[in-house]
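Since the structure comes first, as structure tokens, the remarks are kept for the end.
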Amino acid sequence: MILRLKKDIDETKANALGKELQAFVLKDNGSFLLVTPTKLKDVEEKYRSVVSENFVFNDDIQLASKKFINGVREIKISKDVVIGGKTNNTVVITGPCSVESEEQIDQSAQLCVKLGVKVLRAGAFKPRTSPYSFQGMGVDGLKLLDKMRSKYGLKIISEVRDSTHVQDIIQYTDIIQIGAKSMYDHGILKACAKTNKPVLLKRGFGTTVQEFVQAAEFILSGGNENVILCERGIRTFETKTRFTLDLCGVMWLKEHTNLPVILDPSHAIGYAYGVPDLTRACMALGCDGLLVETHPNPAVAKSDASQQLNFNEFTNLYESLKPIAKAIGRNII
Ligand code: PEP
Ligand code: MN
């Protein structure tokens with residue numbers, strides 16, 4: 001249950017009540033919230049004088065639930081990059097799977113500038129399936145991304161692979177990405193909860209939407225309100241494509257949660273041939289963002305080579321999204 005305490009209840013009292021009820025204590029709009037275990041369904045008589053409002057839940061989706069916030073949270077990445085809320089914005093995010101060199105990431109940044117894309121994404125710490133594959137440039141890669149941020153005024157998103165470098169990711173990026181393989185990593189989730197930096201949480205490929213949103217609850221209950229969900233495909237019996245993009249799951253997230261949802265067709269299908277049409281389909285269903293991998297020369301990419309679009313393909317795709325956005329009343333940012 002979520003209890004909103006009356007405005008005159010101070011922090012000391014809120015913390016004492018939180019301890020009694022085994023609750024997370026959060027500050028929200030000038031009052032304190034107690035987020036208790038979900039099994040609590042009633043406000044006991046002795047607490048009624050301090051509680052102004054309460055919300056009851058059937059499962060462990062509380063802060064992310066539409067029953068708590070009946071709308072979509074607004075996530076402000078910068079003055080001109082805002083998603084959710086009442087914006088109707090769809091943020092297009094692109095860049096290579098990995099930062100590989102200054103030349104490569106500079107070319108990617110220039111593509112963003114040319115098209116008006118505001119968020120550049122690339123991995124520096126890569127959680128690869130094999131230890132023999134390229135693991136990313138690490139902090140050197142983050143520094144290159146930071147350089148692109150100041151050189152071109154782009155917003156940066158990069159993924160955290162383990163909790164030891166969360167601070168580096170916070171320092172050099174504007175959005176922290178938690179990858180599909182890390183969705184269950186509580187060290188990462190809890191470290192991300194302690195910052196206000198927006199977090200893009202990707203769905204683990206073997207998780208239900210319930211488990212996915214519960215992972216988001218770790219970040220929200222720890223105090224970070226800025227969580228964005230990302231559907232990037234789940235594992236099914238199908239082997240011809242890399243994963244299966246779960247659009248029904250996306251509909252469920254939109255109906256039941258208050259978190260913005262971004263779609264990642266690139267990792268879902270895993271092959272460039274299908275990315276443009278899939279991205280257009282995702283745009284048409286009305287999402288808060290799209291994540292598409294691009295590379296100056298996909299054939300030589302050090303990770304995810306098969307799925308990245310070249311700049312020409314991406315430019316054509318980007319232009320084709322505009323009439324779709326217009327038709328459904330969304331703004332591409
Ligand atoms: C990525 O975004 O490059 C990536 C590794 O994605 P995922 O975590 O969805 O596999
Ligand atoms: Mn990738």
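For the structure tokens, the naming scheme is as follows: chains receive sequential letters (A, B, ...) according to their order of presentation, residues are indexed from 1 within each chain, and ligands are indexed from 1 in presentation order.
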
inquiry  = Neighbouring residues of Glu102 in chain A were defined as those with any atom within 10 Å, considering only C-alpha atoms; residues of the same chain fewer than 2 positions away were excluded. Please report them as a PyMOL selection string.
reply    = chain A and resi 99-100+104-108+140-141+143-145+147-148

Dump C-alpha atoms for the selected residues as a PDB file, in the first residue's frame?
```pdb
ATOM      1  CA  VAL A  99      31.777   3.172 -29.127  1.00  0.00           C
ATOM      2  CA  GLU A 100      34.707   1.882 -31.179  1.00  0.00           C
ATOM      3  CA  GLN A 104      33.293   6.347 -35.554  1.00  0.00           C
ATOM      4  CA  ILE A 105      31.408   8.061 -32.724  1.00  0.00           C
ATOM      5  CA  ASP A 106      32.020  11.506 -34.212  1.00  0.00           C
ATOM      6  CA  GLN A 107      30.480  10.343 -37.499  1.00  0.00           C
ATOM      7  CA  SER A 108      27.493   8.999 -35.550  1.00  0.00           C
ATOM      8  CA  ASP A 140      37.691   5.780 -22.491  1.00  0.00           C
ATOM      9  CA  GLY A 141      34.501   5.182 -24.467  1.00  0.00           C
ATOM     10  CA  LYS A 143      34.926  10.065 -22.299  1.00  0.00           C
ATOM     11  CA  LEU A 144      34.465  10.025 -26.073  1.00  0.00           C
ATOM     12  CA  LEU A 145      30.698  10.169 -25.585  1.00  0.00           C
ATOM     13  CA  LYS A 147      33.241  14.798 -25.846  1.00  0.00           C
ATOM     14  CA  MET A 148      30.367  14.417 -28.332  1.00  0.00           C
TER      15      MET A 148
END
```

task = Compute the set of protein, DNA and RNA residues whose minimum atom distance to ligand 2 is at most 10 Å, using only C-alpha atoms and all ligand atoms, and state it as a count of residues only.
result = 25

inquiry  = Taking only C-alpha atoms into account, name the residue in A:Leu290, A:Ile69, A:Ala272, A:Ala64 that is nearest to Ala215 in chain A.
reply    = A:Ala64

message = Using only C-alpha atoms and all ligand atoms, can you tell me which of A:Pro323, A:Gly136, A:Pro296, A:Gly116 comes closest to ligand 1?
response =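 Checking each candidate against ligand 1, we get A:Gly136 as the closest.
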
request  = Find the residues around Arg48 in chain A up to 12 Å (only C-alpha atoms counted), leave out those fewer than 3 positions away in its own chain, and share them as a ChimeraX atom specification.
outcome  = /A:3-6,42-45,51-54

Go ahead and dump the residues you just picked, all heavy atoms, as an mmCIF file, in the first residue's frame.
```cif
data_model
loop_
_atom_site.group_PDB
_atom_site.id
_atom_site.type_symbol
_atom_site.label_atom_id
_atom_site.label_comp_id
_atom_site.auth_asym_id
_atom_site.auth_seq_id
_atom_site.Cartn_x
_atom_site.Cartn_y
_atom_site.Cartn_z
ATOM 1 N N LEU A 3 0.876 5.062 1.333
ATOM 2 C CA LEU A 3 0.185 6.021 2.206
ATOM 3 C C LEU A 3 0.795 7.383 1.960
ATOM 4 O O LEU A 3 2.015 7.537 2.007
ATOM 5 C CB LEU A 3 0.393 5.666 3.682
ATOM 6 C CG LEU A 3 0.053 4.242 4.119
ATOM 7 C CD1 LEU A 3 0.470 4.033 5.567
ATOM 8 C CD2 LEU A 3 -1.427 3.999 3.963
ATOM 9 N N ARG A 4 -0.051 8.379 1.684
ATOM 10 C CA ARG A 4 0.462 9.736 1.616
ATOM 11 C C ARG A 4 0.204 10.382 2.971
ATOM 12 O O ARG A 4 -0.931 10.397 3.459
ATOM 13 C CB ARG A 4 -0.221 10.542 0.512
ATOM 14 C CG ARG A 4 0.393 11.939 0.349
ATOM 15 C CD ARG A 4 -0.270 12.748 -0.753
ATOM 16 N NE ARG A 4 -0.057 12.191 -2.079
ATOM 17 C CZ ARG A 4 1.079 12.307 -2.776
ATOM 18 N NH1 ARG A 4 2.110 12.948 -2.259
ATOM 19 N NH2 ARG A 4 1.175 11.786 -3.976
ATOM 20 N N LEU A 5 1.290 10.868 3.593
ATOM 21 C CA LEU A 5 1.141 11.484 4.907
ATOM 22 C C LEU A 5 0.692 12.939 4.760
ATOM 23 O O LEU A 5 0.960 13.567 3.730
ATOM 24 C CB LEU A 5 2.467 11.409 5.676
ATOM 25 C CG LEU A 5 3.007 9.993 5.903
ATOM 26 C CD1 LEU A 5 4.324 10.044 6.682
ATOM 27 C CD2 LEU A 5 1.990 9.123 6.650
ATOM 28 N N LYS A 6 0.033 13.425 5.772
ATOM 29 C CA LYS A 6 -0.411 14.818 5.728
ATOM 30 C C LYS A 6 0.810 15.734 5.638
ATOM 31 O O LYS A 6 1.891 15.397 6.129
ATOM 32 C CB LYS A 6 -1.243 15.133 6.969
ATOM 33 C CG LYS A 6 -2.595 14.432 6.904
ATOM 34 C CD LYS A 6 -3.526 14.869 7.998
ATOM 35 C CE LYS A 6 -4.876 14.211 7.783
ATOM 36 N NZ LYS A 6 -5.669 14.143 9.015
ATOM 37 N N ASP A 42 -5.222 -2.130 4.595
ATOM 38 C CA ASP A 42 -6.062 -1.209 5.356
ATOM 39 C C ASP A 42 -5.216 -0.257 6.192
ATOM 40 O O ASP A 42 -4.187 -0.673 6.721
ATOM 41 C CB ASP A 42 -6.884 -2.040 6.353
ATOM 42 C CG ASP A 42 -8.336 -1.989 5.990
ATOM 43 O OD1 ASP A 42 -8.719 -1.025 5.319
ATOM 44 O OD2 ASP A 42 -9.074 -2.927 6.397
ATOM 45 N N VAL A 43 -5.659 0.982 6.334
ATOM 46 C CA VAL A 43 -4.946 1.907 7.226
ATOM 47 C C VAL A 43 -5.497 1.676 8.634
ATOM 48 O O VAL A 43 -6.691 1.872 8.876
ATOM 49 C CB VAL A 43 -5.198 3.380 6.818
ATOM 50 C CG1 VAL A 43 -4.341 4.321 7.665
ATOM 51 C CG2 VAL A 43 -4.930 3.583 5.339
ATOM 52 N N GLU A 44 -4.626 1.215 9.524
ATOM 53 C CA GLU A 44 -5.081 0.983 10.904
ATOM 54 C C GLU A 44 -5.569 2.277 11.527
ATOM 55 O O GLU A 44 -5.025 3.353 11.246
ATOM 56 C CB GLU A 44 -3.887 0.471 11.725
ATOM 57 C CG GLU A 44 -3.745 -1.034 11.777
ATOM 58 C CD GLU A 44 -2.563 -1.396 12.661
ATOM 59 O OE1 GLU A 44 -2.686 -1.287 13.898
ATOM 60 O OE2 GLU A 44 -1.508 -1.752 12.094
ATOM 61 N N GLU A 45 -6.510 2.137 12.432
ATOM 62 C CA GLU A 45 -7.118 3.276 13.135
ATOM 63 C C GLU A 45 -6.065 4.278 13.642
ATOM 64 O O GLU A 45 -6.169 5.482 13.429
ATOM 65 C CB GLU A 45 -7.938 2.687 14.305
ATOM 66 C CG GLU A 45 -8.700 3.705 15.123
ATOM 67 C CD GLU A 45 -9.778 4.426 14.322
ATOM 68 O OE1 GLU A 45 -10.494 3.741 13.576
ATOM 69 O OE2 GLU A 45 -9.871 5.673 14.447
ATOM 70 N N VAL A 51 -2.561 10.205 7.902
ATOM 71 C CA VAL A 51 -2.611 9.818 6.481
ATOM 72 C C VAL A 51 -3.639 10.673 5.736
ATOM 73 O O VAL A 51 -4.770 10.828 6.184
ATOM 74 C CB VAL A 51 -2.983 8.310 6.365
ATOM 75 C CG1 VAL A 51 -3.265 7.923 4.912
ATOM 76 C CG2 VAL A 51 -1.864 7.455 6.924
ATOM 77 N N SER A 52 -3.225 11.230 4.587
ATOM 78 C CA SER A 52 -4.202 12.029 3.831
ATOM 79 C C SER A 52 -4.834 11.215 2.709
ATOM 80 O O SER A 52 -5.937 11.500 2.262
ATOM 81 C CB SER A 52 -3.546 13.287 3.270
ATOM 82 O OG SER A 52 -2.552 12.945 2.335
ATOM 83 N N GLU A 53 -4.114 10.203 2.245
ATOM 84 C CA GLU A 53 -4.596 9.428 1.099
ATOM 85 C C GLU A 53 -3.935 8.064 1.126
ATOM 86 O O GLU A 53 -2.792 7.957 1.580
ATOM 87 C CB GLU A 53 -4.039 10.147 -0.116
ATOM 88 C CG GLU A 53 -4.758 10.311 -1.290
ATOM 89 C CD GLU A 53 -4.074 10.962 -2.477
ATOM 90 O OE1 GLU A 53 -3.011 11.622 -2.370
ATOM 91 O OE2 GLU A 53 -4.646 10.759 -3.518
ATOM 92 N N ASN A 54 -4.626 7.043 0.643
ATOM 93 C CA ASN A 54 -3.953 5.739 0.544
ATOM 94 C C ASN A 54 -4.357 4.987 -0.719
ATOM 95 O O ASN A 54 -5.441 5.194 -1.255
ATOM 96 C CB ASN A 54 -4.203 4.897 1.790
ATOM 97 C CG ASN A 54 -5.625 4.443 1.897
ATOM 98 O OD1 ASN A 54 -6.531 5.250 2.027
ATOM 99 N ND2 ASN A 54 -5.837 3.136 1.831
#
```

Would you kindly return, as a CSV table (one decimal) with N, CA, C and O atoms, in the first residue's frame, each protein, DNA or RNA residue with an atom no farther than 10 Å from any atom of Gly206 in chain A, considering only C-alpha atoms and excluding same-chain residues fewer than 3 positions away?
```csv
chain,number,residue,atom,x,y,z
A,180,ALA,N,19.3,-5.6,-20.9
A,180,ALA,CA,18.5,-6.8,-20.7
A,180,ALA,C,19.1,-7.9,-19.8
A,180,ALA,O,18.5,-8.5,-18.9
A,181,LYS,N,20.4,-8.0,-19.9
A,181,LYS,CA,21.1,-9.0,-19.1
A,181,LYS,C,21.3,-8.6,-17.7
A,181,LYS,O,21.7,-9.4,-16.8
A,203,ARG,N,13.9,-4.7,-20.7
A,203,ARG,CA,13.3,-5.9,-20.3
A,203,ARG,C,14.2,-7.1,-20.5
A,203,ARG,O,14.8,-7.3,-21.6
A,209,VAL,N,6.2,-9.3,-18.1
A,209,VAL,CA,6.1,-7.9,-17.8
A,209,VAL,C,6.0,-7.6,-16.4
A,209,VAL,O,6.5,-6.6,-15.9
A,211,GLU,N,7.5,-9.1,-13.9
A,211,GLU,CA,8.9,-9.1,-13.3
A,211,GLU,C,9.7,-7.9,-13.8
A,211,GLU,O,10.4,-7.3,-13.0
A,212,PHE,N,9.4,-7.5,-15.0
A,212,PHE,CA,10.1,-6.3,-15.6
A,212,PHE,C,9.7,-5.1,-14.7
A,212,PHE,O,10.6,-4.3,-14.3
A,233,GLY,N,12.4,-7.1,-26.9
A,233,GLY,CA,12.3,-8.5,-27.4
A,233,GLY,C,12.5,-9.5,-26.4
A,233,GLY,O,13.4,-9.3,-25.5
A,234,ILE,N,11.7,-10.6,-26.4
A,234,ILE,CA,11.9,-11.7,-25.5
A,234,ILE,C,12.2,-13.0,-26.2
A,234,ILE,O,12.0,-13.1,-27.4
A,235,ARG,N,12.7,-14.0,-25.5
A,235,ARG,CA,13.0,-15.2,-26.1
A,235,ARG,C,11.7,-16.1,-26.2
A,235,ARG,O,11.0,-16.3,-25.2
A,236,THR,N,11.5,-16.6,-27.4
A,236,THR,CA,10.3,-17.5,-27.6
A,236,THR,C,10.9,-18.7,-28.3
A,236,THR,O,12.1,-18.8,-28.5
```
